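Here the structure comes first, spelled out in structure tokens, and everything after it is commentary.
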Number of protein chains: 2
Amino acid sequence: MALPMRKSKVEAPPACPLTECMKLLRGAWAPNVIWYLSGGPRRFGELRHDIPRISARVLSARLRELEGKGVISRRVLDSSPPSAEYRLSELGAELVPAIKAIVAVGVKLKSAHRP
Amino acid sequence: MALPMRKSKVEAPPACPLTECMKLLRGAWAPNVIWYLSGGPRRFGELRHDIPRISARVLSARLRELEGKGVISRRVLDSSPPSAEYRLSELGAELVPAIKAIVAVGVKLKSAHRP
DNA sequence: AAATGTAGTATCCCGCGGGTTACTGGCTCG
DNA sequence: CGAGCCAGTAACCCGCGGGATACTACATTT
């Protein structure tokens with residue numbers, strides 16, 4: 001019984017821009033940060049509060065990284081304890097639908113109680 | 001000039017099912033595997049061919065992991081060189097829209113030539 | 001005066017995820 | 001008779017991403 005030798009022609013879905021986009025979502029918590037920023041601009045401490053299990057170190061790193069990639073922008077408010085405000089850039093906003101799709105699946109998963 | 005003391009009440013977007021879903025997409029190449037399987041069932045070697053830069057080791061690990069999570073199913077064909085066929089489960093199919101959203105962003109990124 | 005809150009940075013440590021290379025064992029094709 | 005393809009597995013190494021903890025500097029609050 002021989003191998004059902006498929007033609008190597010089996011067409012694959014087009015090449016992946018997937019990877020291109022995933023680069024922006026890479027790193028732990030990156031999607032969460034974007035998600036929470038999708039509700040409007042937020043400050044460092046607020047994000048820490050939003051995502052309780054993230055450490056300041058990592059949050060900082062992630063914000064810098066996302067800023068570097070042009071996903072978010074950082075604005076320093078010159079108040080006495082200088083505070084910073086982060087918001088999604090246009091590029092960042094484009095990611096939101098994707099994040100929403102992911103969240104939607106997450107919701108389904110939770111409602112359908114899977115062990 | 002004092003801090004614009006926001007009330008700690010700043011409402012955060014609802015808690016994140018995001019993380020729940022991301023668990024399924026974790027690991028390098030996992031989204032790619034799902035993406036390529038969304039075109040229909042595929043065999044190990046085909047996937048290797050689809051995703052040229054993945055190593056057999058990692059592809060194998062990823063497939064096992066996804067199978068364990070119920071995202072894909074594995075069927076061994078009893079042909080002489082026994083071959084295996086992978087396909088998305090129902091759960092896996094639910095992920096496709098999310099992946100598509102991600103891909104869509106990727107496409108935009110590539111068309112808008114960002115350096 | 002002391003405590004609290006603001007936005008981080010500095011340091012250290014560590015696990016594991018991923019890359020690389022090598023190997024199996026049956027089958028078929030040249 | 002080899003060579004090559006199929007679907008993996010085994011063993012080894014290594015980088016870096018992430019967790020924990022500690023510390024700064026200033027201003028307002030108590």
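Letters for chains follow the order of the structure tokens (A, B, ...), residue numbers begin at 1 for each chain, and ligand numbers begin at 1 in the order shown.
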task = Apply DSSP to the structure's backbone, then extract all residues of chain B labelled helix (DSSP H, G or I) and return them as a ChimeraX atom specification.
result = /B:18-25,30-37,44-50,56-68,90-111
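Neighbours of range 18-20 of chain D closer than or equal to 12 Å, with only C-alpha atoms (C1' of nucleotides) counted and sequence neighbours fewer than 4 positions away skipped, come out as Gly27, Ala28, Trp29, Arg53, Ile54, Ser55, Ala56, Arg57, Val58, Leu59, Ala61 and Arg62 of chain A; DT11, DC12, DC13, DC14, DG15 and DC16 of chain C.
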Output file for the selection above: C-alpha atoms (C1' of nucleotides), as a PDB file, in the first residue's frame:
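Contents of the output file again29.pdb:
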ATOM      1  CA  GLY A  27       6.483  39.488  23.780  1.00  0.00           C
ATOM      2  CA  ALA A  28       4.462  38.681  26.809  1.00  0.00           C
ATOM      3  CA  TRP A  29       1.712  41.163  27.576  1.00  0.00           C
ATOM      4  CA  ARG A  53       0.620  40.326  37.139  1.00  0.00           C
ATOM      5  CA  ILE A  54       2.973  42.365  34.986  1.00  0.00           C
ATOM      6  CA  SER A  55       6.125  43.696  36.567  1.00  0.00           C
ATOM      7  CA  ALA A  56       7.180  47.304  36.185  1.00  0.00           C
ATOM      8  CA  ARG A  57      10.318  46.179  34.458  1.00  0.00           C
ATOM      9  CA  VAL A  58       8.522  44.256  31.787  1.00  0.00           C
ATOM     10  CA  LEU A  59       5.782  46.812  31.330  1.00  0.00           C
ATOM     11  CA  ALA A  61      10.295  47.263  28.326  1.00  0.00           C
ATOM     12  CA  ARG A  62       7.123  46.439  26.446  1.00  0.00           C
TER      13      ARG A  62
ATOM     14  C1'  DT C  11      20.763  44.060  38.906  1.00  0.00           C
ATOM     15  C1'  DC C  12      20.527  39.380  39.288  1.00  0.00           C
ATOM     16  C1'  DC C  13      18.870  35.003  38.151  1.00  0.00           C
ATOM     17  C1'  DC C  14      16.688  31.393  35.645  1.00  0.00           C
ATOM     18  C1'  DG C  15      13.764  28.442  32.695  1.00  0.00           C
ATOM     19  C1'  DC C  16      12.439  26.990  28.482  1.00  0.00           C
TER      20       DC C  16
END
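CA of Arg87 in chain B sits 6.7 Å away from CA of Arg74 in chain B.
Residues lying within 6 Å of Gly106 in chain A, counting only C-alpha atoms (C1' of nucleotides) and ignoring same-chain neighbours fewer than 6 positions away, are Pro17, Leu18, Glu20 and Cys21 of chain B.
Nearest-residue note for chain A: choosing from D:DA10, D:DA25, D:DT30, D:DG4, the minimum distance belongs to D:DA25, counting only C-alpha atoms (C1' of nucleotides).
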Please identify every residue of chain A that has at least one atom no farther than 12 Å from an atom of chain C, counting only C-alpha atoms (C1' of nucleotides), and for each give the shortest atom pair and the distance in Å to one decimal, arranged by chain then increasing number, as a tab-separated table.
residue	atom	partner	partner_atom	distance
A:Met1	CA	C:DC27	C1'	9.5
A:Ala2	CA	C:DC27	C1'	7.9
A:Leu3	CA	C:DC27	C1'	8.7
A:Met5	CA	C:DT28	C1'	11.3
A:Arg43	CA	C:DA7	C1'	9.2
A:Phe44	CA	C:DA7	C1'	6.9
A:Gly45	CA	C:DA7	C1'	7.8
A:Glu46	CA	C:DT6	C1'	11.0
A:Leu47	CA	C:DA7	C1'	11.8
A:Arg48	CA	C:DA7	C1'	11.1
A:Ser55	CA	C:DG8	C1'	11.5
A:Ala56	CA	C:DG8	C1'	7.8
A:Arg57	CA	C:DT9	C1'	8.2
A:Val58	CA	C:DG8	C1'	11.1
A:Leu59	CA	C:DG8	C1'	10.0
A:Ser60	CA	C:DG8	C1'	7.4
A:Ala61	CA	C:DG8	C1'	10.4
A:Leu63	CA	C:DG8	C1'	11.5
A:Arg64	CA	C:DG8	C1'	11.6
A:Val76	CA	C:DA7	C1'	10.1
A:Leu77	CA	C:DA7	C1'	11.2
A:Asp78	CA	C:DT6	C1'	11.7
A:Ser79	CA	C:DT6	C1'	9.7
A:Ser80	CA	C:DT6	C1'	8.8
A:Pro81	CA	C:DT6	C1'	5.2
A:Pro82	CA	C:DT6	C1'	6.8
A:Ser83	CA	C:DT6	C1'	6.3
A:Ala84	CA	C:DA7	C1'	7.3
A:Glu85	CA	C:DA7	C1'	10.4
ask   = Suppose you want the space between CA of Glu94 in chain B and CA of Arg75 in chain B; what is it in Å?
value = 20.3 Å
inquiry  = as a VMD selection string, please: every residue in chain B that DSSP puts in strand (DSSP E or B).
reply    = chain B and resid 42 to 43 72 to 77 83 to 88
How about saving the chosen residues, N, CA and C atoms kept, as a PDB file, in the first residue's frame?
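Full text of again_16.pdb as output:
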ATOM      1  N   ARG B  42      -3.439  18.871   6.138  1.00  0.00           N
ATOM      2  CA  ARG B  42      -2.103  18.818   5.554  1.00  0.00           C
ATOM      3  C   ARG B  42      -1.218  17.847   6.317  1.00  0.00           C
ATOM      4  N   ARG B  43      -0.213  17.370   5.628  1.00  0.00           N
ATOM      5  CA  ARG B  43       0.689  16.412   6.239  1.00  0.00           C
ATOM      6  C   ARG B  43       1.936  17.103   6.747  1.00  0.00           C
ATOM      7  N   ILE B  72      -6.101  20.997  16.992  1.00  0.00           N
ATOM      8  CA  ILE B  72      -5.993  20.221  15.766  1.00  0.00           C
ATOM      9  C   ILE B  72      -6.151  18.737  16.077  1.00  0.00           C
ATOM     10  N   SER B  73      -6.366  17.952  15.050  1.00  0.00           N
ATOM     11  CA  SER B  73      -6.423  16.511  15.253  1.00  0.00           C
ATOM     12  C   SER B  73      -5.435  15.852  14.298  1.00  0.00           C
ATOM     13  N   ARG B  74      -4.983  14.708  14.702  1.00  0.00           N
ATOM     14  CA  ARG B  74      -3.947  14.009  13.953  1.00  0.00           C
ATOM     15  C   ARG B  74      -4.482  12.657  13.545  1.00  0.00           C
ATOM     16  N   ARG B  75      -4.276  12.323  12.290  1.00  0.00           N
ATOM     17  CA  ARG B  75      -4.743  11.026  11.822  1.00  0.00           C
ATOM     18  C   ARG B  75      -3.613  10.359  11.087  1.00  0.00           C
ATOM     19  N   VAL B  76      -3.296   9.162  11.522  1.00  0.00           N
ATOM     20  CA  VAL B  76      -2.217   8.438  10.866  1.00  0.00           C
ATOM     21  C   VAL B  76      -2.795   7.617   9.728  1.00  0.00           C
ATOM     22  N   LEU B  77      -2.278   7.811   8.558  1.00  0.00           N
ATOM     23  CA  LEU B  77      -2.694   7.029   7.404  1.00  0.00           C
ATOM     24  C   LEU B  77      -1.816   5.787   7.347  1.00  0.00           C
ATOM     25  N   SER B  83       2.054   7.884   6.968  1.00  0.00           N
ATOM     26  CA  SER B  83       2.102   9.340   6.964  1.00  0.00           C
ATOM     27  C   SER B  83       0.991   9.856   7.843  1.00  0.00           C
ATOM     28  N   ALA B  84       1.092  11.085   8.212  1.00  0.00           N
ATOM     29  CA  ALA B  84       0.128  11.643   9.154  1.00  0.00           C
ATOM     30  C   ALA B  84      -0.542  12.862   8.547  1.00  0.00           C
ATOM     31  N   GLU B  85      -1.762  13.039   8.933  1.00  0.00           N
ATOM     32  CA  GLU B  85      -2.504  14.163   8.390  1.00  0.00           C
ATOM     33  C   GLU B  85      -3.057  14.974   9.546  1.00  0.00           C
ATOM     34  N   TYR B  86      -2.894  16.259   9.463  1.00  0.00           N
ATOM     35  CA  TYR B  86      -3.379  17.136  10.523  1.00  0.00           C
ATOM     36  C   TYR B  86      -4.498  18.003   9.979  1.00  0.00           C
ATOM     37  N   ARG B  87      -5.476  18.225  10.830  1.00  0.00           N
ATOM     38  CA  ARG B  87      -6.545  19.127  10.425  1.00  0.00           C
ATOM     39  C   ARG B  87      -7.050  19.897  11.636  1.00  0.00           C
ATOM     40  N   LEU B  88      -7.650  21.025  11.372  1.00  0.00           N
ATOM     41  CA  LEU B  88      -8.205  21.828  12.457  1.00  0.00           C
ATOM     42  C   LEU B  88      -9.416  21.130  13.063  1.00  0.00           C
TER      43      LEU B  88
END
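Going from CA of Arg26 in chain B to CA of Leu25 in chain A covers 11.2 Å.
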Would you write out, as a Markdown table, a table of all residues in chain D that have an atom no more than 10 Å from an atom of chain B, listing for each the closest atom pair and the distance in Å to one decimal, considering only C-alpha atoms (C1' of nucleotides) and ordering rows by chain and rising residue number?
| residue | atom | partner | partner_atom | distance |
| --- | --- | --- | --- | --- |
| D:DC5 | C1' | B:Pro81 | CA | 9.1 |
| D:DC6 | C1' | B:Pro81 | CA | 5.7 |
| D:DA7 | C1' | B:Ser83 | CA | 6.4 |
| D:DG8 | C1' | B:Ser60 | CA | 7.4 |
| D:DT9 | C1' | B:Arg57 | CA | 8.2 |
| D:DA27 | C1' | B:Ala2 | CA | 7.8 |
| D:DT28 | C1' | B:Ala2 | CA | 7.8 |
Using C-alpha atoms (C1' of nucleotides), can you export the residues from the last selection as a compact mmCIF listing (two decimals), in the first residue's frame?
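And here's result11.txt as it stands now:
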# COMPACT_ATOMS: atom_id res chain seq x y z
C1' DC D 5 11.63 10.33 0.69
C1' DC D 6 8.29 9.87 4.79
C1' DA D 7 7.51 11.23 9.77
C1' DG D 8 9.31 11.90 13.22
C1' DT D 9 12.67 11.42 17.88
C1' DA D 27 5.65 66.67 45.66
C1' DT D 28 1.55 66.27 47.75
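Each of B:Gly39, B:Val33, B:Ser111, B:Val71 was compared to chain A using only C-alpha atoms, and B:Gly39 turns out to be the nearest.
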